[in-house]
$ cat work.pdb   # PDB, C-alpha atoms
MODEL        1
ATOM      1  CA  MET A   1      37.565 -22.258  95.467  1.00  0.00           C
ATOM      2  CA  PHE A   2      38.706 -23.222  91.934  1.00  0.00           C
ATOM      3  CA  SER A   3      41.513 -25.588  91.049  1.00  0.00           C
ATOM      4  CA  GLY A   4      44.396 -24.333  88.937  1.00  0.00           C
ATOM      5  CA  LYS A   5      43.244 -25.960  85.694  1.00  0.00           C
ATOM      6  CA  VAL A   6      39.690 -24.666  85.997  1.00  0.00           C
ATOM      7  CA  LEU A   7      40.970 -21.179  86.783  1.00  0.00           C
ATOM      8  CA  LEU A   8      43.210 -21.364  83.704  1.00  0.00           C
ATOM      9  CA  ILE A   9      40.204 -22.275  81.534  1.00  0.00           C
ATOM     10  CA  ILE A  10      38.196 -19.399  82.986  1.00  0.00           C
ATOM     11  CA  MET A  11      41.016 -16.902  82.388  1.00  0.00           C
ATOM     12  CA  GLY A  12      41.458 -18.142  78.805  1.00  0.00           C
ATOM     13  CA  ALA A  13      37.732 -17.746  78.199  1.00  0.00           C
ATOM     14  CA  LEU A  14      37.840 -14.241  79.642  1.00  0.00           C
ATOM     15  CA  ALA A  15      40.737 -13.312  77.332  1.00  0.00           C
ATOM     16  CA  LEU A  16      38.840 -14.748  74.353  1.00  0.00           C
ATOM     17  CA  TYR A  17      35.732 -12.814  75.370  1.00  0.00           C
ATOM     18  CA  VAL A  18      37.595  -9.496  75.721  1.00  0.00           C
ATOM     19  CA  PHE A  19      39.373 -10.013  72.377  1.00  0.00           C
ATOM     20  CA  GLY A  20      36.043 -10.810  70.709  1.00  0.00           C
ATOM     21  CA  LEU A  21      34.474  -7.660  72.153  1.00  0.00           C
ATOM     22  CA  PHE A  22      37.433  -5.606  70.942  1.00  0.00           C
ATOM     23  CA  ILE A  23      37.026  -6.920  67.406  1.00  0.00           C
ATOM     24  CA  LEU A  24      33.256  -6.490  67.533  1.00  0.00           C
ATOM     25  CA  MET A  25      33.473  -2.833  68.527  1.00  0.00           C
ATOM     26  CA  ASN A  26      36.462  -1.659  66.488  1.00  0.00           C
ATOM     27  CA  ARG A  27      36.165  -3.391  63.115  1.00  0.00           C
ATOM     28  CA  PRO A  28      33.656  -2.116  60.557  1.00  0.00           C
ATOM     29  CA  HIS A  29      33.837  -5.241  58.374  1.00  0.00           C
ATOM     30  CA  PHE A  30      30.700  -7.398  58.560  1.00  0.00           C
ATOM     31  CA  ILE A  31      32.485 -10.777  58.348  1.00  0.00           C
ATOM     32  CA  LYS A  32      34.876  -9.832  61.162  1.00  0.00           C
ATOM     33  CA  LYS A  33      31.913  -8.962  63.356  1.00  0.00           C
ATOM     34  CA  ILE A  34      30.357 -12.378  62.705  1.00  0.00           C
ATOM     35  CA  ILE A  35      33.642 -14.099  63.605  1.00  0.00           C
ATOM     36  CA  ALA A  36      33.877 -11.988  66.780  1.00  0.00           C
ATOM     37  CA  LEU A  37      30.365 -13.087  67.782  1.00  0.00           C
ATOM     38  CA  GLU A  38      31.404 -16.709  67.304  1.00  0.00           C
ATOM     39  CA  MET A  39      34.425 -16.054  69.532  1.00  0.00           C
ATOM     40  CA  LEU A  40      32.062 -14.756  72.220  1.00  0.00           C
ATOM     41  CA  VAL A  41      29.973 -17.930  71.942  1.00  0.00           C
ATOM     42  CA  GLY A  42      33.164 -19.990  72.249  1.00  0.00           C
ATOM     43  CA  ALA A  43      34.160 -18.086  75.383  1.00  0.00           C
ATOM     44  CA  VAL A  44      30.788 -18.743  76.966  1.00  0.00           C
ATOM     45  CA  ASN A  45      31.090 -22.446  76.094  1.00  0.00           C
ATOM     46  CA  LEU A  46      34.527 -22.567  77.735  1.00  0.00           C
ATOM     47  CA  ASN A  47      33.055 -21.074  80.898  1.00  0.00           C
ATOM     48  CA  VAL A  48      30.280 -23.673  80.888  1.00  0.00           C
ATOM     49  CA  ILE A  49      32.919 -26.402  80.536  1.00  0.00           C
ATOM     50  CA  ALA A  50      34.890 -24.917  83.451  1.00  0.00           C
ATOM     51  CA  MET A  51      31.798 -24.785  85.646  1.00  0.00           C
ATOM     52  CA  GLY A  52      30.886 -28.359  84.700  1.00  0.00           C
ATOM     53  CA  ILE A  53      34.365 -29.531  85.674  1.00  0.00           C
ATOM     54  CA  HIS A  54      34.173 -27.561  88.918  1.00  0.00           C
ATOM     55  CA  LEU A  55      30.776 -29.039  89.806  1.00  0.00           C
ATOM     56  CA  SER A  56      31.851 -32.616  89.082  1.00  0.00           C
ATOM     57  CA  GLY A  57      34.992 -32.201  91.172  1.00  0.00           C
ATOM     58  CA  ASP A  58      37.197 -34.155  88.772  1.00  0.00           C
ATOM     59  CA  PHE A  59      39.057 -32.820  85.753  1.00  0.00           C
ATOM     60  CA  THR A  60      38.487 -36.035  83.779  1.00  0.00           C
ATOM     61  CA  LYS A  61      34.689 -35.810  84.110  1.00  0.00           C
ATOM     62  CA  ILE A  62      32.206 -33.105  83.270  1.00  0.00           C
ATOM     63  CA  ASP A  63      28.692 -32.546  84.518  1.00  0.00           C
ATOM     64  CA  PRO A  64      26.264 -34.025  81.912  1.00  0.00           C
ATOM     65  CA  PHE A  65      23.990 -30.999  82.115  1.00  0.00           C
ATOM     66  CA  ALA A  66      26.895 -28.745  81.114  1.00  0.00           C
ATOM     67  CA  GLY A  67      27.624 -31.027  78.165  1.00  0.00           C
ATOM     68  CA  ILE A  68      24.020 -30.807  76.993  1.00  0.00           C
ATOM     69  CA  ILE A  69      24.098 -27.001  77.236  1.00  0.00           C
ATOM     70  CA  ILE A  70      27.310 -26.923  75.172  1.00  0.00           C
ATOM     71  CA  ILE A  71      25.807 -29.170  72.474  1.00  0.00           C
ATOM     72  CA  PHE A  72      22.707 -26.986  72.178  1.00  0.00           C
ATOM     73  CA  SER A  73      24.740 -23.774  72.270  1.00  0.00           C
ATOM     74  CA  THR A  74      27.090 -25.005  69.549  1.00  0.00           C
ATOM     75  CA  THR A  75      24.169 -26.080  67.357  1.00  0.00           C
ATOM     76  CA  ILE A  76      22.286 -22.813  67.756  1.00  0.00           C
ATOM     77  CA  GLY A  77      25.510 -20.815  67.303  1.00  0.00           C
ATOM     78  CA  GLY A  78      26.200 -22.644  64.037  1.00  0.00           C
ATOM     79  CA  ILE A  79      22.703 -21.905  62.776  1.00  0.00           C
ATOM     80  CA  ILE A  80      23.047 -18.227  63.657  1.00  0.00           C
ATOM     81  CA  ALA A  81      26.488 -18.039  62.022  1.00  0.00           C
ATOM     82  CA  ALA A  82      25.157 -19.654  58.835  1.00  0.00           C
ATOM     83  CA  ALA A  83      22.279 -17.144  58.723  1.00  0.00           C
ATOM     84  CA  ALA A  84      24.681 -14.249  59.350  1.00  0.00           C
ATOM     85  CA  PHE A  85      27.029 -15.386  56.584  1.00  0.00           C
ATOM     86  CA  ALA A  86      24.058 -15.728  54.225  1.00  0.00           C
ATOM     87  CA  LEU A  87      23.043 -12.171  55.138  1.00  0.00           C
ATOM     88  CA  ALA A  88      26.619 -10.993  54.504  1.00  0.00           C
ATOM     89  CA  TYR A  89      26.613 -12.696  51.104  1.00  0.00           C
ATOM     90  CA  TRP A  90      23.282 -11.090  50.200  1.00  0.00           C
ATOM     91  CA  THR A  91      24.532  -7.696  51.391  1.00  0.00           C
ATOM     92  CA  ARG A  92      27.685  -8.008  49.290  1.00  0.00           C
ATOM     93  CA  LEU A  93      25.643  -8.902  46.190  1.00  0.00           C
ATOM     94  CA  HIS A  94      23.082  -6.108  46.522  1.00  0.00           C
ATOM     95  CA  PHE A  95      25.045  -3.231  48.061  1.00  0.00           C
ATOM     96  CA  ASP A  96      28.587  -4.147  46.939  1.00  0.00           C
ATOM     97  CA  THR A  97      30.051  -3.495  50.388  1.00  0.00           C
ATOM     98  CA  LEU A  98      30.503  -5.225  53.721  1.00  0.00           C
ATOM     99  CA  ASP A  99      31.482  -2.085  55.629  1.00  0.00           C
ATOM    100  CA  THR A 100      28.936  -1.621  58.419  1.00  0.00           C
ATOM    101  CA  ASN A 101      29.569   2.131  58.545  1.00  0.00           C
ATOM    102  CA  ALA A 102      28.629   2.452  54.879  1.00  0.00           C
ATOM    103  CA  LEU A 103      25.642   0.148  55.318  1.00  0.00           C
ATOM    104  CA  SER A 104      24.259   2.250  58.172  1.00  0.00           C
ATOM    105  CA  THR A 105      24.072   5.324  55.906  1.00  0.00           C
ATOM    106  CA  LEU A 106      22.024   3.635  53.155  1.00  0.00           C
ATOM    107  CA  LYS A 107      18.574   4.991  52.422  1.00  0.00           C
ATOM    108  CA  ARG A 108      15.580   3.101  51.067  1.00  0.00           C
TER     109      ARG A 108
ENDMDL
END

$ encode --input "work.pdb" --output "C-alpha cells"
Amino acid sequence: MFSGKVLLIIMGALALYVFGLFILMNRPHFIKKIIALEMLVGAVNLNVIAMGIHLSGDFTKIDPFAGIIIIFSTTIGGIIAAAAFALAYWTRLHFDTLDTNALSTLKR
C-alpha cells in the first residue's frame, strides 16, 4: 500500500485540510478566511507530492507530472490570494469592516 513516510505526509495534509476547513467555517474575519483557503491549497499540494512519491516508488524522487501540477497550482493559488487580498483591502476602505457577517447584511 503506502510506505510510512508517504502515509505521514498524507495524514499531515489531512490535518492541515481539516484545520483549514475549521477556520474557514468558524471565523467571520475576511483575512482569516483567505489564509484558510491557502491552507487548503497547501494541503492539496502535499497530497499531490505524496502521490508523486508513491508513483515513483522512491522517496528521493518525485513524478515530474506531479511537480508540474504543484508549480501550476502554487502559481494560480498565489494569483487568487493576491486578488482576494486586494478585495479585502478595497472592502476595508469602502465599508470599514472585514467581518463577513456584517458584509452579508449590507444593502445597495

$ closest_residue --input "work.pdb" --among "A:Gly67, A:Gly57, A:Gly77, A:Gly42" --to "A:Tyr17" --atoms "all atoms listed in the file"
A:Gly42

$ residues_around --input "work.pdb" --residues "stretch 80-89 of chain A" --least-positions-apart "4" --cutoff "12 Å" --atoms "all atoms listed in the file" --output "mmCIF file with C-alpha atoms, keeping the file's coordinate frame"
data_model
loop_
_atom_site.group_PDB
_atom_site.id
_atom_site.type_symbol
_atom_site.label_atom_id
_atom_site.label_comp_id
_atom_site.auth_asym_id
_atom_site.auth_seq_id
_atom_site.Cartn_x
_atom_site.Cartn_y
_atom_site.Cartn_z
ATOM 1 C CA HIS A 29 33.837 -5.241 58.374
ATOM 2 C CA PHE A 30 30.700 -7.398 58.560
ATOM 3 C CA ILE A 31 32.485 -10.777 58.348
ATOM 4 C CA LYS A 32 34.876 -9.832 61.162
ATOM 5 C CA LYS A 33 31.913 -8.962 63.356
ATOM 6 C CA ILE A 34 30.357 -12.378 62.705
ATOM 7 C CA ILE A 35 33.642 -14.099 63.605
ATOM 8 C CA ALA A 36 33.877 -11.988 66.780
ATOM 9 C CA LEU A 37 30.365 -13.087 67.782
ATOM 10 C CA GLU A 38 31.404 -16.709 67.304
ATOM 11 C CA MET A 39 34.425 -16.054 69.532
ATOM 12 C CA VAL A 41 29.973 -17.930 71.942
ATOM 13 C CA SER A 73 24.740 -23.774 72.270
ATOM 14 C CA THR A 74 27.090 -25.005 69.549
ATOM 15 C CA THR A 75 24.169 -26.080 67.357
ATOM 16 C CA ILE A 76 22.286 -22.813 67.756
ATOM 17 C CA LEU A 93 25.643 -8.902 46.190
ATOM 18 C CA HIS A 94 23.082 -6.108 46.522
ATOM 19 C CA PHE A 95 25.045 -3.231 48.061
ATOM 20 C CA ASP A 96 28.587 -4.147 46.939
ATOM 21 C CA THR A 97 30.051 -3.495 50.388
ATOM 22 C CA LEU A 98 30.503 -5.225 53.721
ATOM 23 C CA ASP A 99 31.482 -2.085 55.629
ATOM 24 C CA THR A 100 28.936 -1.621 58.419
ATOM 25 C CA LEU A 103 25.642 0.148 55.318
#

$ atom_distance --input "work.pdb" --atom1 "atom CA of A:Val6" --atom2 "atom CA of A:Gly20"
21.0 Å

$ closest_residue --input "work.pdb" --among "A:Leu106, A:Ala50, A:Ile68, A:Ala43" --to "A:Thr91" --atoms "all atoms listed in the file"
A:Leu106

$ resolve_selection --input "work.pdb" --expression "the PyMOL selection byres ((chain A and resi 52) around 6)" --output "list of chain:residue names"
A:Ile49, A:Ala50, A:Met51, A:Ile53, A:His54, A:Leu55, A:Ile62, A:Asp63, A:Ala66

$ axis_aligned_box --input "work.pdb" --around "stretch 85-91 of chain A" --padding-each-side "8 Å" --output "JSON"
{"center_x": 25.0, "center_y": -11.7, "center_z": 53.4, "size_x": 20.0, "size_y": 24.0, "size_z": 22.4}

$ residues_around --input "work.pdb" --residues "A:Val18" --least-positions-apart "5" --cutoff "9 Å" --atoms "all atoms listed in the file" --output "list in words"
Ala13, Ile23 and Leu40 of chain A

$ atom_distance --input "work.pdb" --atom1 "atom CA of A:Ile10" --atom2 "atom CA of A:Leu46"
7.1 Å

$ closest_residue --input "work.pdb" --among "A:Val48, A:Ile9, A:Leu16, A:Ala102" --to "A:Ile70" --atoms "all atoms listed in the file"
A:Val48

$ atom_distance --input "work.pdb" --atom1 "atom CA of A:Arg92" --atom2 "atom CA of A:Arg27"
16.9 Å
